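What follows is coords-v4.cif (mmCIF, C-alpha atoms).
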data_start
#
loop_
_atom_site.label_atom_id
_atom_site.label_comp_id
_atom_site.auth_asym_id
_atom_site.auth_seq_id
_atom_site.Cartn_x
_atom_site.Cartn_y
_atom_site.Cartn_z
CA MET I 1 -7.97 -14.14 1.31
CA GLY I 2 -6.45 -10.80 0.61
CA GLN I 3 -3.46 -8.57 0.96
CA ILE I 4 -2.95 -4.98 2.03
CA SER I 5 0.27 -3.31 0.87
CA LEU I 6 1.97 -0.15 2.03
CA GLU I 7 4.48 1.12 -0.52
CA PHE I 8 6.92 3.98 0.01
CA TYR I 9 8.27 5.41 -3.21
CA GLN I 10 10.08 8.30 -4.78
CA LYS I 11 9.36 9.92 -8.10
CA LYS I 12 11.75 9.96 -11.00
CA LYS I 13 11.07 12.90 -13.29
CA SER I 14 10.38 11.96 -16.89
CA ARG I 15 10.60 14.07 -19.97
CA TRP I 16 7.45 15.49 -21.42
CA PRO I 17 4.94 13.97 -22.48
CA PHE I 18 5.54 11.03 -20.14
CA SER I 19 4.37 11.05 -16.53
CA ASP I 20 6.73 10.70 -13.57
CA GLU I 21 7.86 7.17 -12.72
CA CYS I 22 7.23 5.93 -9.16
CA ILE I 23 10.14 3.86 -7.86
CA PRO I 24 9.39 1.94 -4.63
CA TRP I 25 12.11 1.92 -1.99
CA GLU I 26 10.14 -0.08 0.58
CA VAL I 27 7.04 -2.29 0.31
CA TRP I 28 5.22 -3.90 3.23
CA SER I 29 2.45 -6.45 2.65
CA ILE I 30 0.05 -7.87 5.20
CA LYS I 31 -1.86 -10.98 4.21
CA VAL I 32 -5.37 -11.31 5.62
CA ASN I 33 -8.10 -13.94 5.64
CA VAL I 34 -11.60 -12.69 4.98
CA VAL I 35 -14.21 -14.48 7.08
CA ASN I 36 -18.00 -14.53 7.19
CA LEU I 37 -19.39 -14.08 10.67
CA ALA I 38 -22.80 -15.21 11.89
CA ASN I 39 -23.93 -12.08 13.71
CA GLU I 40 -23.12 -8.50 14.65
CA GLN I 41 -21.63 -9.44 18.04
CA GLU I 42 -19.08 -11.78 16.42
CA ARG I 43 -18.31 -9.10 13.83
CA GLN I 44 -17.65 -6.50 16.54
CA ILE I 45 -15.34 -8.83 18.51
CA CYS I 46 -13.43 -9.78 15.36
CA ARG I 47 -13.22 -6.12 14.30
CA GLU I 48 -11.58 -5.16 17.60
CA LYS I 49 -9.06 -8.03 17.40
CA VAL I 50 -8.19 -7.23 13.78
CA GLY I 51 -7.83 -3.53 14.61
CA GLU I 52 -5.41 -4.32 17.45
CA LYS I 53 -3.33 -6.68 15.27
CA LEU I 54 -3.26 -4.25 12.36
CA GLY I 55 -2.20 -1.44 14.72
CA GLU I 56 0.66 -3.61 16.02
CA LYS I 57 1.81 -4.32 12.45
CA VAL I 58 1.71 -0.63 11.51
CA ILE I 59 3.77 0.28 14.59
CA ASN I 60 6.28 -2.43 13.67
CA ILE I 61 6.55 -1.04 10.14
CA VAL I 62 7.06 2.51 11.44
CA GLU I 63 9.80 1.37 13.85
CA VAL I 64 11.68 -0.41 11.06
CA ILE I 65 11.22 2.43 8.56
CA ASN I 66 12.62 4.96 11.04
CA ARG I 67 16.01 3.22 10.93
CA HIS I 68 18.45 5.16 8.79
CA GLU I 69 19.38 2.25 6.50
CA TYR I 70 15.85 2.17 5.05
CA LEU I 71 15.47 5.83 4.23
CA PRO I 72 16.22 7.22 0.78
CA LYS I 73 18.97 9.76 0.32
CA MET I 74 17.90 13.21 1.53
CA PRO I 75 16.91 15.21 -1.55
CA THR I 76 18.10 18.66 -2.50
CA GLN I 77 15.60 21.50 -2.13
CA SER I 78 14.58 21.27 -5.79
CA GLU I 79 13.93 17.49 -5.48
CA VAL I 80 11.88 17.52 -2.26
CA ASP I 81 8.64 16.79 -4.17
CA ASN I 82 10.20 13.57 -5.49
CA VAL I 83 10.52 12.04 -2.00
CA PHE I 84 8.04 13.85 0.28
CA ASP I 85 4.35 14.69 0.06
CA THR I 86 4.50 18.48 0.19
CA SER I 87 0.75 19.00 -0.24
CA LEU I 88 0.30 19.18 3.54
CA LYS I 89 1.20 22.39 5.31
CA ASP I 90 2.46 21.19 8.71
CA VAL I 91 4.03 17.82 7.89
CA GLN I 92 5.71 16.25 4.86
CA PRO I 93 5.52 12.44 5.02
CA TYR I 94 7.34 10.21 2.58
CA LEU I 95 5.36 9.51 -0.59
CA TYR I 96 3.31 6.35 -0.12
CA LYS I 97 0.51 4.25 -1.60
CA ILE I 98 -1.85 1.86 0.15
CA THR I 99 -3.26 -0.87 -2.08
CA TYR I 100 -5.27 -4.01 -1.54
CA GLN I 101 -6.04 -7.17 -3.44
CA ILE I 102 -8.73 -9.73 -2.73
CA THR I 103 -8.46 -13.32 -3.94
CA ASP I 104 -10.91 -16.21 -3.79
CA SER I 105 -10.20 -19.45 -1.91
CA LEU I 106 -8.36 -20.85 -4.94
CA GLY I 107 -5.94 -17.93 -5.00
CA THR I 108 -7.42 -16.28 -8.07
CA SER I 109 -7.68 -12.52 -7.87
CA VAL I 110 -11.02 -10.83 -8.41
CA SER I 111 -9.64 -8.97 -11.44
CA THR I 112 -8.46 -12.25 -13.01
CA THR I 113 -11.86 -13.82 -12.41
CA MET I 114 -13.63 -10.83 -13.98
CA ARG I 115 -11.28 -10.87 -16.95
CA ARG I 116 -12.04 -14.56 -17.53
CA LEU I 117 -15.78 -13.96 -17.16
CA ILE I 118 -15.76 -11.14 -19.71
CA LYS I 119 -13.53 -13.08 -22.10
CA ASP I 120 -15.77 -16.17 -21.87
CA THR I 121 -18.91 -14.07 -22.33
CA LEU I 122 -17.54 -12.36 -25.43
CA ALA I 123 -16.45 -15.70 -26.87
CA LEU I 124 -20.11 -16.92 -26.97
#

Entire entry expressed as structure tokens:
Amino acid sequence: MGQISLEFYQKKKSRWPFSDECIPWEVWSIKVNVVNLANEQERQICREKVGEKLGEKVINIVEVINRHEYLPKMPTQSEVDNVFDTSLKDVQPYLYKITYQITDSLGTSVSTTMRRLIKDTLAL
């Protein structure tokens, strides 16, 4: 099992020496099941189906996000970098992060499993 998350955020400026704080204003998570397939043909068919479903979910997210009640307050010129990604020349999308997490069949995350493994190994 796993989860893919799309997080929209804005930055809150911090005083030196601290880094800026990222404050999410919208988070979308899609839960997925990871499967093992027998051959390349099954993998290709599943890949197409998953791609179509994921595309539908992304379009749904974009439609909801484009409603005015979800958008953060429009920043002043000096605060534009806190809400938009200004590193691109022709377009300035909202700041976002895409993250993923994979868990085993018992619901334990890979990082938790690794932490336990290292802790148990060091305890020997």

Atom pair atom CA of I:Ile23 / atom CA of I:Tyr94: separation (Å):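 Between these atoms lies a distance of 12.5 Å.
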
What is the atom CA of I:Tyr96-atom CA of I:Phe8 distance in Å, reported with one decimal?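 About the pair atom CA of I:Tyr96 and atom CA of I:Phe8: they are 4.3 Å apart.
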
Let me make sure I understand: among I:Ser19, I:Asn60, I:Asn82, I:Asn33, which one has the smallest atom-to-atom distance to I:Ile4 if we use all atoms listed in the file? I:Asn33

Pairwise distance for atom CA of I:Glu48 and atom CA of I:Thr103, rounded to one decimal in Å: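 Distance reported for this atom pair: 23.2 Å.
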
List every protein, DNA or RNA residue that has at least one atom no more than 12 Å from (16.4, 11.7, 4.7) in the file's coordinates, counting only C-alpha atoms, and write the result as an MDAnalysis selection string. chainID I and resid 10 65:77 79:80 83:84 92:94

Which residues, named as in the file, does the PyMOL selection byres ((chain I and resi 51-57) around 12) pick out? Answer as number ranges by chain. I: 4-6, 28-32, 43-50, 58-64

Would you save stretch 77-93 of chain I to a file, keeping N, CA, C and O atoms, as a PDB file, in the first residue's frame?
ATOM      1  N   GLN I  77       3.075  42.617  -3.944  1.00  0.00           N
ATOM      2  CA  GLN I  77       4.213  42.385  -4.842  1.00  0.00           C
ATOM      3  C   GLN I  77       5.442  41.872  -4.079  1.00  0.00           C
ATOM      4  O   GLN I  77       6.142  40.987  -4.546  1.00  0.00           O
ATOM      5  N   SER I  78       5.676  42.389  -2.899  1.00  0.00           N
ATOM      6  CA  SER I  78       6.854  41.975  -2.134  1.00  0.00           C
ATOM      7  C   SER I  78       6.705  40.571  -1.537  1.00  0.00           C
ATOM      8  O   SER I  78       7.693  39.957  -1.146  1.00  0.00           O
ATOM      9  N   GLU I  79       5.473  40.030  -1.484  1.00  0.00           N
ATOM     10  CA  GLU I  79       5.223  38.709  -0.900  1.00  0.00           C
ATOM     11  C   GLU I  79       4.942  37.629  -1.940  1.00  0.00           C
ATOM     12  O   GLU I  79       4.610  36.512  -1.584  1.00  0.00           O
ATOM     13  N   VAL I  80       5.083  37.945  -3.207  1.00  0.00           N
ATOM     14  CA  VAL I  80       4.747  36.992  -4.280  1.00  0.00           C
ATOM     15  C   VAL I  80       5.512  35.683  -4.123  1.00  0.00           C
ATOM     16  O   VAL I  80       4.953  34.604  -4.313  1.00  0.00           O
ATOM     17  N   ASP I  81       6.778  35.737  -3.741  1.00  0.00           N
ATOM     18  CA  ASP I  81       7.591  34.531  -3.575  1.00  0.00           C
ATOM     19  C   ASP I  81       7.093  33.624  -2.453  1.00  0.00           C
ATOM     20  O   ASP I  81       7.477  32.464  -2.387  1.00  0.00           O
ATOM     21  N   ASN I  82       6.264  34.143  -1.568  1.00  0.00           N
ATOM     22  CA  ASN I  82       5.730  33.339  -0.472  1.00  0.00           C
ATOM     23  C   ASN I  82       4.574  32.448  -0.902  1.00  0.00           C
ATOM     24  O   ASN I  82       4.230  31.505  -0.199  1.00  0.00           O
ATOM     25  N   VAL I  83       3.951  32.758  -2.041  1.00  0.00           N
ATOM     26  CA  VAL I  83       2.773  32.007  -2.493  1.00  0.00           C
ATOM     27  C   VAL I  83       3.011  31.325  -3.842  1.00  0.00           C
ATOM     28  O   VAL I  83       2.519  30.231  -4.076  1.00  0.00           O
ATOM     29  N   PHE I  84       3.784  31.958  -4.715  1.00  0.00           N
ATOM     30  CA  PHE I  84       3.988  31.435  -6.066  1.00  0.00           C
ATOM     31  C   PHE I  84       5.434  31.023  -6.299  1.00  0.00           C
ATOM     32  O   PHE I  84       6.353  31.601  -5.724  1.00  0.00           O
ATOM     33  N   ASP I  85       5.616  30.048  -7.180  1.00  0.00           N
ATOM     34  CA  ASP I  85       6.954  29.640  -7.615  1.00  0.00           C
ATOM     35  C   ASP I  85       7.379  30.588  -8.724  1.00  0.00           C
ATOM     36  O   ASP I  85       6.903  30.485  -9.846  1.00  0.00           O
ATOM     37  N   THR I  86       8.251  31.501  -8.421  1.00  0.00           N
ATOM     38  CA  THR I  86       8.656  32.519  -9.394  1.00  0.00           C
ATOM     39  C   THR I  86       9.941  32.139 -10.124  1.00  0.00           C
ATOM     40  O   THR I  86      10.509  32.954 -10.844  1.00  0.00           O
ATOM     41  N   SER I  87      10.385  30.902  -9.965  1.00  0.00           N
ATOM     42  CA  SER I  87      11.613  30.475 -10.641  1.00  0.00           C
ATOM     43  C   SER I  87      11.402  30.224 -12.134  1.00  0.00           C
ATOM     44  O   SER I  87      12.360  30.165 -12.887  1.00  0.00           O
ATOM     45  N   LEU I  88      10.155  30.078 -12.544  1.00  0.00           N
ATOM     46  CA  LEU I  88       9.845  29.864 -13.955  1.00  0.00           C
ATOM     47  C   LEU I  88       9.543  31.194 -14.621  1.00  0.00           C
ATOM     48  O   LEU I  88       8.894  32.060 -14.030  1.00  0.00           O
ATOM     49  N   LYS I  89       9.958  31.340 -15.854  1.00  0.00           N
ATOM     50  CA  LYS I  89       9.845  32.626 -16.532  1.00  0.00           C
ATOM     51  C   LYS I  89       8.419  32.928 -17.018  1.00  0.00           C
ATOM     52  O   LYS I  89       7.915  34.031 -16.837  1.00  0.00           O
ATOM     53  N   ASP I  90       7.755  31.932 -17.620  1.00  0.00           N
ATOM     54  CA  ASP I  90       6.480  32.178 -18.288  1.00  0.00           C
ATOM     55  C   ASP I  90       5.240  31.897 -17.438  1.00  0.00           C
ATOM     56  O   ASP I  90       4.145  32.302 -17.802  1.00  0.00           O
ATOM     57  N   VAL I  91       5.397  31.178 -16.344  1.00  0.00           N
ATOM     58  CA  VAL I  91       4.250  30.816 -15.519  1.00  0.00           C
ATOM     59  C   VAL I  91       4.693  30.786 -14.054  1.00  0.00           C
ATOM     60  O   VAL I  91       5.834  30.461 -13.749  1.00  0.00           O
ATOM     61  N   GLN I  92       3.794  31.143 -13.158  1.00  0.00           N
ATOM     62  CA  GLN I  92       4.096  31.126 -11.731  1.00  0.00           C
ATOM     63  C   GLN I  92       3.033  30.310 -10.998  1.00  0.00           C
ATOM     64  O   GLN I  92       2.042  30.861 -10.522  1.00  0.00           O
ATOM     65  N   PRO I  93       3.225  28.984 -10.919  1.00  0.00           N
ATOM     66  CA  PRO I  93       2.235  28.162 -10.203  1.00  0.00           C
ATOM     67  C   PRO I  93       2.336  28.386  -8.697  1.00  0.00           C
ATOM     68  O   PRO I  93       3.331  28.910  -8.188  1.00  0.00           O
TER      69      PRO I  93
END
